[in-house]
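Heads up: the structure comes next, in structure tokens.
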Amino acid sequence: MDYSTLRRAARFLTPASLQLAAGQPRRLTFVCDVRRHRGETRLTLSPIGGPPCTGEWGVLDFRLDGQDLKVAGPILEHREREVTLAVRRDLEVRPPRRGRVTAPAGSLVAVFVPEGTGLGRCCQPVLDIGLRALRLQSSFPFEAGVLLRDLTVLAGAQVVRRAEGIVVHSAPVLQVDGEPSYHCGVRLRRPTAVPPPDDPADELEVTEPTRVRTILWGLSDLAHSVTLRAGTVVVRCQLAPVRGSRDALPEIRCTMETEAPVTGPVQVECALYGSGYRFYARVRRRDGCTLFLRPAPVVREWHRREEERLTLPAAAGGKVTFHHPIDGRPHERPLVDVSVQGFGFAREAEEDALWPGLPLKDVTVQVAGQAVRPAHVTVRTVGEQRCGVQMDHLGEREADRLRFELMKLSAYPVEFHDGEDLDEIVAFHQRLKVFEGDQLRNLAATLDDTRRNWRAAHQHPDGLMRTAVVRWKGDIGGATTLVLAFEGSWLLQHQAVASPAVPTTLGSLHSTLVRLALPRRDCEHVFGFVDEEARSVHTVVNSFLTEWSTPEHRGASRLVLYAGEACPPTSRVLGARRLGGADERLIENAGLRVLHPVCARALGLRVGHLRLRNVAAAWRLVGLERGRETWGAFGGGRPVAFLLRQWASPGLSLSSLLSTALYLPVRPDGDGAAAQVLVRVLLETALPGDPPVRLLLAPEEQDPAPLVAAGLRRVAGCTLYALQGVGMQEYHRYMASRYGFLYGRLRARVAAPS
């Protein structure tokens, strides 16, 4: 028995999987301890989910130093979320999977359409991939033989493989929290069919009455622009708000831009908050150019475009200039609609000099006082009145700035704070008692620095921090902030709405900011901390987690916030040491043991992300500090607990969240020695601005006694919610679909006397 290898596996808290009797699901766990008892080697595996398995024979697989290893033996004990395995066979080296590439967790996803399942287009994490096969993690048990059509493998935003897949097998797996999932083996082959431009799998039929009513009332409230089709007649229309009971479908009232012979059944198409919608209706009556429609109780939703194009109001004065690629003639046309991915401009009568696929030269798009010069522009569609154009290779900063300016031109009742008047933001949050007393003490002690840094962060051209607000009765009625926090992770913070009467929700404010962050290359995750007393927010988010979201792309972890008084350093801290780059894998595994995997990745608990090099460099350009270091407390050569101490200049977080340390327990801290030494590191180390209170987050399962004995006090409980990749898109669509009509109510309330 190679005891030293098992000790090394335990030292790094190595992830492993335990296979019991045939037919039982494989259980994911961690090797957290190894010891000898009466000449027998025993492994402790924790945490582990599933029913008790004492007395069964288990085979443990794990990966260490680039090798796939396995040991086997009986299960001696199965305590709460912990198993003891007696090793009865020598350590074996499994032959490697030839030609397989294993990507970091969550970084590689496959998008595909599983034929015959009724699921539509799916997006699942890829565990490993090779020339002829890949493995998926899925919450759905795909049966052997299912065709995965139009399969695209993405590494970030980059396409690395296009193929078709055939599911070969699907093996059940229990996560550490006991939740079931499946590892699906897929054989890859060349595509046998060209995907249609309007794939039926991208269109969902919405029949749930509440959601249908919400979508249709949302369109009506917002006076949305739609396209109306009646046979060969196609006409643009403008909807108008109507009155009526929200428990019934609205009567759709629309005004045609040009009078057309429209009667009987019609089809209405539009885009709303990034999703396309199509529904049928019947013309009930007509008053000049105004039609009154009775909609059908079914809406079809599709997601052909990643970003919705904004139909520009005439006052915006948008225009595009370009040269024809053949004769070199200059042209200038008014813009009809625009997004970061493309735009439409008015087509002149009887013009045949433009056709689909034609590249345009020297293109300049001018809108909202900003000029954008895309590197590659191609005509996509040519209609009777409009030419649709696709833009490629737009610079990151240009794209972000254009997206921001278009959001300000939209009909949403949301403003973006310019960073100048921080006092009104602080007063709003104090009035609603958003911050705890200790957080307010830190804010008051660093207020001058906070004002300066808040302004710099909001006005930086890279858009590293943004605050969305809604005005109500001459003051702020709702606000939330999004800030680049970790490598590829953005934090939603300072969230509040003054009253149920305010015509917005936190969900709509979140949706507005997420739309700005989603397309950025530095946005892999969006996360936020929600206080345990914010019951309405928990209700909304939990509804999304249980009813709408893909489990592999979202997570929730319960934490507790502690606080303690800062104090000057007394002497050298003994019993703890600062960890280096060689220990990053250990910290990653420690985070995965106590947090949901998506939450752990959102907090940057990943090899290569712990030191925040990229995000610290980005904030350094603004003149602000951002950093993190890791400390560990050990007993008998084994880790007992870790402290991730982080810091940020005052102003990046009014509630001190970005200077809050994270406590990761590994083993029971019987005498509290580990907590004593790590809390001392927390309280005695300086932070930018020298706030008087130090804050610490710990998992809810952590025994509070050692932390309290070390000088901390419990402040509040909270839940960390995190979304990754497709999870953010799902969240945006959920908020738009469920709460979108609330955007439109501001118009009526502003027009009415207060």
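Residue numbering restarts at 1 in every chain; chains get A, B, ... in the order shown in the structure tokens, and ligands count up from 1 in that same order.
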Per residue of region 481-578 of chain A within 12 Å of region 667-691 of chain A, which atom pair is closest and at what distance in Å (one decimal), using only C-alpha atoms, listed by chain and increasing number, as a tab-separated table?
```
residue	atom	partner	partner_atom	distance
A:Tyr562	CA	A:Val679	CA	10.5
A:Ala563	CA	A:Leu683	CA	9.4
A:Gly564	CA	A:Leu683	CA	6.9
A:Glu565	CA	A:Leu683	CA	6.7
A:Ala566	CA	A:Leu683	CA	4.7
A:Cys567	CA	A:Glu684	CA	5.2
A:Pro568	CA	A:Glu684	CA	5.3
A:Pro569	CA	A:Glu684	CA	4.8
A:Thr570	CA	A:Glu684	CA	7.9
A:Ser571	CA	A:Glu684	CA	9.8
A:Arg572	CA	A:Val681	CA	9.8
A:Val573	CA	A:Val677	CA	7.0
A:Leu574	CA	A:Val677	CA	7.2
A:Gly575	CA	A:Val677	CA	6.5
A:Ala576	CA	A:Val677	CA	6.5
A:Arg577	CA	A:Leu678	CA	9.4
A:Arg578	CA	A:Val681	CA	10.1
```
Please produce a file of the residues just selected, as a compact mmCIF listing (two decimals), in the first residue's frame, where the atoms kept are N, CA and C atoms.
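File selection-v1.txt, as written:
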```txt
# COMPACT_ATOMS: atom_id res chain seq x y z
N TYR A 562 -20.00 37.54 10.50
CA TYR A 562 -19.49 37.87 11.83
C TYR A 562 -18.71 39.19 11.73
N ALA A 563 -18.59 39.86 12.87
CA ALA A 563 -17.84 41.13 12.93
C ALA A 563 -17.00 41.17 14.20
N GLY A 564 -15.90 41.92 14.12
CA GLY A 564 -15.03 42.10 15.28
C GLY A 564 -14.29 43.43 15.17
N GLU A 565 -13.87 43.97 16.31
CA GLU A 565 -13.18 45.26 16.33
C GLU A 565 -11.73 45.10 15.85
N ALA A 566 -11.33 45.97 14.94
CA ALA A 566 -9.94 45.96 14.49
C ALA A 566 -9.02 46.35 15.64
N CYS A 567 -7.82 45.77 15.65
CA CYS A 567 -6.87 46.08 16.70
C CYS A 567 -5.46 46.08 16.12
N PRO A 568 -4.54 46.82 16.74
CA PRO A 568 -3.17 46.86 16.22
C PRO A 568 -2.46 45.53 16.44
N PRO A 569 -1.50 45.20 15.57
CA PRO A 569 -0.77 43.94 15.74
C PRO A 569 0.04 43.95 17.03
N THR A 570 0.04 42.83 17.70
CA THR A 570 0.76 42.74 18.97
C THR A 570 2.11 42.06 18.81
N SER A 571 2.14 40.91 18.21
CA SER A 571 3.39 40.18 18.00
C SER A 571 3.18 39.25 16.81
N ARG A 572 4.19 38.51 16.45
CA ARG A 572 4.09 37.60 15.33
C ARG A 572 3.02 36.55 15.59
N VAL A 573 2.20 36.30 14.56
CA VAL A 573 1.13 35.31 14.69
C VAL A 573 1.72 33.92 14.58
N LEU A 574 1.52 33.10 15.61
CA LEU A 574 2.02 31.74 15.62
C LEU A 574 0.86 30.78 15.42
N GLY A 575 1.13 29.67 14.75
CA GLY A 575 0.11 28.67 14.53
C GLY A 575 -0.60 28.81 13.20
N ALA A 576 -0.26 29.81 12.42
CA ALA A 576 -0.86 30.00 11.09
C ALA A 576 0.23 30.48 10.15
N ARG A 577 0.06 30.17 8.88
CA ARG A 577 1.02 30.64 7.90
C ARG A 577 0.29 31.08 6.64
N ARG A 578 0.93 32.00 5.94
CA ARG A 578 0.38 32.46 4.67
C ARG A 578 0.68 31.43 3.60
```
Identify, on the basis of only C-alpha atoms, every residue whose closest approach to Tyr663 (chain A) does not exceed 12 Å; exclude the query and any residue fewer than 3 positions from it along the same chain; express the result as a ChimeraX atom specification. /A:559-562,587,590-591,594-595,630-633,640-646,660,666,674-675,678-679,681-682,695-704,706-707
Written file, previous selection with N, CA and C atoms, as a compact mmCIF listing (two decimals), in the first residue's frame:
```txt
# COMPACT_ATOMS: atom_id res chain seq x y z
N LEU A 559 -24.60 31.24 4.48
CA LEU A 559 -23.44 31.73 5.21
C LEU A 559 -23.90 32.55 6.41
N VAL A 560 -22.96 32.83 7.29
CA VAL A 560 -23.21 33.70 8.45
C VAL A 560 -22.15 34.78 8.47
N LEU A 561 -22.58 36.03 8.71
CA LEU A 561 -21.67 37.17 8.77
C LEU A 561 -21.32 37.46 10.22
N TYR A 562 -20.00 37.54 10.50
CA TYR A 562 -19.49 37.87 11.83
C TYR A 562 -18.71 39.19 11.73
N ILE A 587 -6.84 25.04 -1.57
CA ILE A 587 -7.90 26.02 -1.27
C ILE A 587 -9.11 25.78 -2.15
N ALA A 590 -10.94 22.86 -0.70
CA ALA A 590 -11.58 23.22 0.57
C ALA A 590 -12.86 24.01 0.32
N GLY A 591 -12.84 24.91 -0.67
CA GLY A 591 -14.04 25.66 -1.00
C GLY A 591 -15.14 24.78 -1.56
N VAL A 594 -17.35 22.82 1.13
CA VAL A 594 -18.32 23.48 2.01
C VAL A 594 -19.27 24.41 1.27
N LEU A 595 -18.98 24.71 -0.01
CA LEU A 595 -19.84 25.59 -0.79
C LEU A 595 -20.35 24.87 -2.03
N THR A 630 -4.25 34.22 1.37
CA THR A 630 -4.81 33.06 2.05
C THR A 630 -3.92 32.65 3.21
N TRP A 631 -4.55 32.39 4.35
CA TRP A 631 -3.86 31.91 5.54
C TRP A 631 -4.45 30.55 5.92
N GLY A 632 -3.58 29.70 6.49
CA GLY A 632 -4.02 28.38 6.93
C GLY A 632 -3.58 28.08 8.34
N ALA A 633 -4.44 27.40 9.09
CA ALA A 633 -4.10 26.91 10.43
C ALA A 633 -4.04 25.40 10.36
N VAL A 640 -6.63 22.56 9.33
CA VAL A 640 -7.84 22.62 10.15
C VAL A 640 -8.83 23.64 9.61
N ALA A 641 -8.31 24.79 9.17
CA ALA A 641 -9.18 25.83 8.62
C ALA A 641 -8.33 26.80 7.81
N PHE A 642 -9.00 27.51 6.88
CA PHE A 642 -8.35 28.51 6.05
C PHE A 642 -9.08 29.84 6.17
N LEU A 643 -8.34 30.91 5.99
CA LEU A 643 -8.90 32.26 5.98
C LEU A 643 -8.49 32.93 4.68
N LEU A 644 -9.48 33.34 3.88
CA LEU A 644 -9.21 34.11 2.67
C LEU A 644 -9.48 35.57 3.00
N ARG A 645 -8.39 36.27 3.24
CA ARG A 645 -8.49 37.69 3.59
C ARG A 645 -8.38 38.52 2.33
N GLN A 646 -9.41 39.35 2.06
CA GLN A 646 -9.41 40.17 0.87
C GLN A 646 -9.60 41.63 1.24
N THR A 660 -14.45 41.70 3.09
CA THR A 660 -14.90 40.70 4.05
C THR A 660 -14.14 39.39 3.84
N VAL A 666 -12.04 22.91 7.67
CA VAL A 666 -11.68 21.63 7.07
C VAL A 666 -11.96 20.49 8.04
N ALA A 674 -7.48 26.97 15.95
CA ALA A 674 -7.42 27.46 14.57
C ALA A 674 -8.21 28.76 14.43
N ALA A 675 -9.41 28.79 15.02
CA ALA A 675 -10.21 30.01 14.94
C ALA A 675 -9.51 31.17 15.63
N LEU A 678 -6.59 32.48 13.30
CA LEU A 678 -7.04 33.08 12.04
C LEU A 678 -7.84 34.35 12.27
N VAL A 679 -8.63 34.39 13.33
CA VAL A 679 -9.36 35.63 13.66
C VAL A 679 -8.37 36.71 14.06
N VAL A 681 -5.40 37.08 12.81
CA VAL A 681 -4.89 37.60 11.52
C VAL A 681 -5.87 38.60 10.93
N LEU A 682 -7.16 38.26 10.99
CA LEU A 682 -8.19 39.14 10.44
C LEU A 682 -8.24 40.48 11.15
N LEU A 695 -14.92 42.20 9.07
CA LEU A 695 -16.05 41.32 8.81
C LEU A 695 -15.56 39.97 8.28
N LEU A 696 -16.32 38.92 8.60
CA LEU A 696 -15.95 37.57 8.19
C LEU A 696 -17.22 36.79 7.85
N LEU A 697 -17.17 36.03 6.75
CA LEU A 697 -18.24 35.12 6.35
C LEU A 697 -17.81 33.69 6.61
N ALA A 698 -18.70 32.89 7.19
CA ALA A 698 -18.41 31.48 7.45
C ALA A 698 -19.62 30.66 7.03
N PRO A 699 -19.41 29.40 6.61
CA PRO A 699 -20.55 28.54 6.27
C PRO A 699 -21.49 28.37 7.46
N GLU A 700 -22.77 28.22 7.17
CA GLU A 700 -23.77 28.10 8.23
C GLU A 700 -23.49 26.90 9.13
N GLU A 701 -22.87 25.82 8.56
CA GLU A 701 -22.60 24.62 9.35
C GLU A 701 -21.46 24.83 10.35
N GLN A 702 -20.69 25.90 10.20
CA GLN A 702 -19.57 26.15 11.11
C GLN A 702 -20.07 26.41 12.54
N ASP A 703 -19.50 25.73 13.49
CA ASP A 703 -19.82 25.95 14.90
C ASP A 703 -19.43 27.37 15.28
N PRO A 704 -20.36 28.21 15.74
CA PRO A 704 -20.02 29.61 16.04
C PRO A 704 -19.18 29.78 17.29
N PRO A 706 -16.19 28.66 18.49
CA PRO A 706 -14.78 29.06 18.38
C PRO A 706 -14.60 30.47 17.85
N LEU A 707 -15.45 30.88 16.90
CA LEU A 707 -15.32 32.23 16.34
C LEU A 707 -15.72 33.28 17.37
```
Can you tell me which residues surround Val320 (chain A) at a distance of at most 6 Å, considering only C-alpha atoms, apart from same-chain residues fewer than 6 positions away, and format the answer as an MDAnalysis selection string? chainID A and resid 332:333 364:365
Pick the closest to Gln370 (chain A) from A:Ser4, A:Asp522, A:Phe404, A:Gly388: which is it, counting only C-alpha atoms?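 The closest residue to Gln370 (chain A) is A:Phe404.
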Can you work out which one of A:Ser543, A:Ser489, A:Thr214, A:Thr481 has the shortest atom-to-atom distance to Arg601 (chain A), counting only C-alpha atoms?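 Ranking A:Ser543, A:Ser489, A:Thr214, A:Thr481 by distance to Arg601 (chain A), first place goes to A:Ser489.
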Got a sec: who's within 12 Å of Arg285 (chain A), counting only C-alpha atoms, leaving out chain neighbours fewer than 5 positions off, as a list of chain:residue names? A:Glu251, A:Ile252, A:Arg253, A:Cys254, A:Val262, A:Thr263, A:Gly264, A:Pro265, A:Thr290, A:Leu291, A:Phe292, A:Leu293, A:Arg294
Restricting the calculation to only C-alpha atoms, which member of A:Leu516, A:Ala485, A:Leu440, A:Val372 is positioned closest to Ser659 (chain A)?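 Looking at the shortest contact to Ser659 (chain A), the residue is A:Ala485.
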Spatial neighbours of region 188-195 of chain A, 8 Å, only C-alpha atoms, chain gap at least 6 places, as a PyMOL selection string: chain A and resi 131-134+149-150+162-166
Determine which residues of region 459-656 of chain A receive a DSSP assignment of strand (DSSP E), computed from the backbone, and state them as JSON, numbers by chain. {"A": [465, 466, 467, 468, 469, 470, 471, 472, 475, 476, 477, 478, 479, 480, 481, 482, 483, 484, 485, 486, 489, 490, 491, 492, 493, 494, 495, 496, 497, 525, 526, 527, 528, 529, 530, 531, 554, 555, 556, 557, 558, 559, 560, 561, 562, 563, 564, 565, 576, 577, 578, 626, 627, 628, 629, 630, 631, 632, 633, 634, 635, 638, 639, 640, 641, 642, 643, 644, 645, 646, 647, 648]}
Counting only C-alpha atoms, the residue of A:Leu312, A:Val541, A:Leu422, A:Met391 that sits nearest Lys408 (chain A):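 That would be A:Leu312, the residue with the smallest distance to Lys408 (chain A).
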Check the DSSP output for the backbone and give back, as a list in words, the residues of region 169-298 of chain A in alpha helix (DSSP H). Pro209, Thr210, Arg211, Val212, Arg213, Thr214, Ile215, Leu216, Trp217, Gly218, Leu219, Ser220 and Asp221 of chain A
Choose the residue, out of A:Pro172, A:Leu108, A:Leu136, A:Val226, that has the smallest atom-to-atom separation from Ala155 (chain A); count only C-alpha atoms.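 The shortest atom-to-atom distance to Ala155 (chain A) comes from A:Leu108.
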Nearest to Ser139 (chain A), chosen from A:Pro297, A:Pro51, A:Pro180, A:Gly156, with only C-alpha atoms counted in the distances: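 Among the listed residues, A:Pro180 lies closest to Ser139 (chain A).
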